[in-house]
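Report on one structure; see the data block that follows.
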Amino acid sequence: MIRIVLVDDDVLALTRLKQLIRLEDVQVAGEFTQAEQALEFLKREKADILITDMRMPKVDGIELIRRIKEAEPDVQLIAVSSYEDFHYVKMSFKEGSIDYILKHALNEESLTKALMEAIARVHAIRENKDRTSPSPDEGLAAESRQALKNQLLTLLLKGEIQADEARERMDKHGIHLRLGSAIVVACEIDGYRKTVEGFEDKDKSIFLSSVHDLMERVLAKVPEKEIVRAEEGRYALILSYPHVKSHLFIYSATYEYCGRLISTLGKMLNIKLSVGIGGLCSDIADIPASYRKCLDMLDNKLFEGAGKVFDAQRTLSKPVGAGNGSSARIPINQDEIYGELTEGSTGYRDTIEGLFQRFSEGKIPLQIIQLHLVDLLNAGFKAIKSRELLKLQEEYSFNLLYQEVHAAETIEEMKRIILDFYEAIANAALEHKRMQERNYNKHTIRAIEIIERDYAKAISLQDVADELGVHHTYLSKVFKADTSHNFTEFLSGYRIDKAKRLIETGKYRLKEIYGRVGFNQYNYFFKVFRQVTGLTPTEYERQTTKK
């Protein structure tokens, strides 16, 4: 009999959770709305599995998991939460949970799958306790052999050792690689560098361990498998079906597993995965060629988009670079684009859309596309310089923007970066043009541009006047005459508008936002926000969330 304990501070959620458990030889031994109650129960009673909510008062799910693992390490833990928050995912895995289910995806099927894995682990623990435990040396030897196998496979995939050498070294150390009917798959985490750029080494390690663990779970029913971290953000899977002769079955099963990998990592870790399927292997010598085929398949991501499965059986598009005249550069009229940007026109959009459509249709090689991107960036920075758009001079750097487009993994992502850049230029140029048409004093125009550039800093009327080389009284007078607002009112309104945009993204807490837009005290930010909008920041956030 398997004994399960349920914990959720929501009584209705607790009742629903219990109703979804429909397995034989399983008993719900306890139901609790507080983590402390569950801990007390587990001190007195035996339990095999605990299912807990994450967000609870006093002791949350992460702390509960931590305490249970310390006291009862054999208890299997399943986390449930309504918050799609990577913090809870990674912490629950770190502290020992074997699965993490979001409440909106919680149903009998998803819970049963998680419970079946937990029950299998419970039975394995019970069986191991009935046997004589292996000596520490034996366990270490097995672990070392697996590490050496992964190292040799990584070197083989990178072409740093030959197949004969890899085979010889595996044989020497008693390492077995059962291929039979095997196939190689390359899994690439889309936007990997952006995903991990803010991580400390510890967080990165937890993230990669979570990816590996999820892959293990999805591929649990593959007869033989190797999961190798081939390079940063990319895994090689060697999936073997020793007793299967049908190539069609192997490809179909592999394609289905790849779809599950994409779905599971998207749901559990909120990341996209692109997958390339290579050819069949019957010998270790076949692995490098099959892996190269996987990488060739992944090249299609540039034009077809991320988060997909690419394999020769289903990917019907032309190989990259196979279009007519694909090695030739496409003429770009930089002067025309420059003119449209400086006038604030949107005519550049059709030009960019048409250019990127030609990239896709012709399967233009990435190296040629990147040369065109440099031309497009140069046209934009030429417009910024000629119009003296101070805000954009501060906001954009050619090197940083080039790195961003260079790191982009799809044509659509590259196009979005260029269009966003051009839109910012055209909007700023158009606003500059409109102020000139309203006969704004040239110092007013420059003062507004300085506000747009430096609003997040501590700036004053005197600072702006000094930069413009005029007396602050004169600047105050012409500024008020042109805008109908004094300098401080205009600056506060601009800062509040920026704060509203940040609130609408849902990415920041209010206590973070006020400093980002130039206020040095939250109370003053609160006061000004209400004066400008008629709402408190909290009310505006709540109103935005409801939309």
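Following the order of the structure tokens, chains are lettered A, B, ..., residues in each are numbered from 1, and ligands are numbered from 1.
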
Using only C-alpha atoms, find each residue of region 136-245 of chain A with at least one atom at most 12 Å away from an atom of region 390-410 of chain A; report its shortest atom-to-atom pair and that distance in Å (one decimal), sort the rows by chain and rising residue number, and return the result as a Markdown table.
| residue | atom | partner | partner_atom | distance |
| --- | --- | --- | --- | --- |
| A:Glu188 | CA | A:Glu409 | CA | 10.8 |
| A:Ile189 | CA | A:Glu409 | CA | 10.7 |
| A:Asp190 | CA | A:Glu409 | CA | 7.5 |
| A:Gly191 | CA | A:Glu409 | CA | 7.4 |
| A:Tyr192 | CA | A:Ala407 | CA | 10.1 |
| A:Arg193 | CA | A:Ala407 | CA | 8.6 |
| A:Lys194 | CA | A:Ala407 | CA | 9.4 |

Wanna dump the region 94-200 of chain A-region 278-298 of chain A contacts at 12 Å for me, each residue with its shortest atom pair and the distance in Å to one decimal, counting only C-alpha atoms, ordered by chain and number, as a tab-separated table?
residue	atom	partner	partner_atom	distance
A:Leu152	CA	A:Ile284	CA	11.2
A:Leu153	CA	A:Ile287	CA	9.0
A:Thr154	CA	A:Pro288	CA	10.1
A:Leu155	CA	A:Pro288	CA	9.9
A:Leu156	CA	A:Pro288	CA	6.6
A:Leu157	CA	A:Pro288	CA	5.2
A:Lys158	CA	A:Pro288	CA	7.8
A:Gly159	CA	A:Pro288	CA	7.2
A:Glu160	CA	A:Pro288	CA	10.5
A:Ile161	CA	A:Pro288	CA	10.3
A:Gln162	CA	A:Ala285	CA	8.0
A:Ala163	CA	A:Ala285	CA	5.0
A:Asp164	CA	A:Ala285	CA	7.5
A:Glu165	CA	A:Ala285	CA	10.2
A:Ala166	CA	A:Ile284	CA	8.3
A:Arg167	CA	A:Ile284	CA	7.3
A:Glu168	CA	A:Ile284	CA	11.0
A:Met170	CA	A:Ile284	CA	10.9
A:His176	CA	A:Ile284	CA	11.1
A:Leu177	CA	A:Ile284	CA	8.2
A:Arg178	CA	A:Asp283	CA	8.9
A:Leu179	CA	A:Ser282	CA	5.8
A:Gly180	CA	A:Ser282	CA	5.3
A:Ser181	CA	A:Ser282	CA	5.7
A:Ala182	CA	A:Cys281	CA	5.0
A:Ile183	CA	A:Leu280	CA	4.5
A:Val184	CA	A:Gly278	CA	5.4
A:Val185	CA	A:Gly278	CA	5.9
A:Ala186	CA	A:Cys294	CA	5.7
A:Cys187	CA	A:Leu298	CA	8.8
A:Glu188	CA	A:Leu298	CA	8.2
A:Ile189	CA	A:Leu298	CA	11.3
A:Asp190	CA	A:Leu298	CA	10.9

Please write the residues from the selection above to a file, keeping C-alpha atoms, as a PDB file, in the first residue's frame.
ATOM      1  CA  LEU A 152      34.095  10.376 -24.621  1.00  0.00           C
ATOM      2  CA  LEU A 153      30.776  10.876 -26.422  1.00  0.00           C
ATOM      3  CA  THR A 154      31.164  14.657 -26.158  1.00  0.00           C
ATOM      4  CA  LEU A 155      34.659  14.483 -27.667  1.00  0.00           C
ATOM      5  CA  LEU A 156      33.366  12.173 -30.397  1.00  0.00           C
ATOM      6  CA  LEU A 157      30.513  14.536 -31.294  1.00  0.00           C
ATOM      7  CA  LYS A 158      32.905  17.492 -31.477  1.00  0.00           C
ATOM      8  CA  GLY A 159      35.286  15.512 -33.690  1.00  0.00           C
ATOM      9  CA  GLU A 160      38.096  15.715 -31.145  1.00  0.00           C
ATOM     10  CA  ILE A 161      38.588  11.927 -31.064  1.00  0.00           C
ATOM     11  CA  GLN A 162      37.940   9.195 -33.620  1.00  0.00           C
ATOM     12  CA  ALA A 163      35.372   6.440 -33.174  1.00  0.00           C
ATOM     13  CA  ASP A 164      38.039   3.731 -32.845  1.00  0.00           C
ATOM     14  CA  GLU A 165      39.711   5.556 -29.978  1.00  0.00           C
ATOM     15  CA  ALA A 166      36.370   6.126 -28.211  1.00  0.00           C
ATOM     16  CA  ARG A 167      35.451   2.451 -28.625  1.00  0.00           C
ATOM     17  CA  GLU A 168      38.867   1.294 -27.363  1.00  0.00           C
ATOM     18  CA  MET A 170      35.175   2.386 -23.465  1.00  0.00           C
ATOM     19  CA  HIS A 176      28.950  -0.515 -22.708  1.00  0.00           C
ATOM     20  CA  LEU A 177      27.202   1.502 -25.425  1.00  0.00           C
ATOM     21  CA  ARG A 178      24.289  -0.483 -26.817  1.00  0.00           C
ATOM     22  CA  LEU A 179      23.231   0.966 -30.131  1.00  0.00           C
ATOM     23  CA  GLY A 180      21.308  -1.636 -32.118  1.00  0.00           C
ATOM     24  CA  SER A 181      18.857   0.528 -34.044  1.00  0.00           C
ATOM     25  CA  ALA A 182      19.779   3.965 -32.715  1.00  0.00           C
ATOM     26  CA  ILE A 183      19.186   7.531 -33.785  1.00  0.00           C
ATOM     27  CA  VAL A 184      20.900  10.790 -32.798  1.00  0.00           C
ATOM     28  CA  VAL A 185      18.937  13.898 -31.822  1.00  0.00           C
ATOM     29  CA  ALA A 186      20.298  17.413 -31.169  1.00  0.00           C
ATOM     30  CA  CYS A 187      18.307  19.594 -28.742  1.00  0.00           C
ATOM     31  CA  GLU A 188      19.085  23.324 -28.711  1.00  0.00           C
ATOM     32  CA  ILE A 189      17.748  25.645 -26.009  1.00  0.00           C
ATOM     33  CA  ASP A 190      16.506  28.667 -27.954  1.00  0.00           C
TER      34      ASP A 190
END
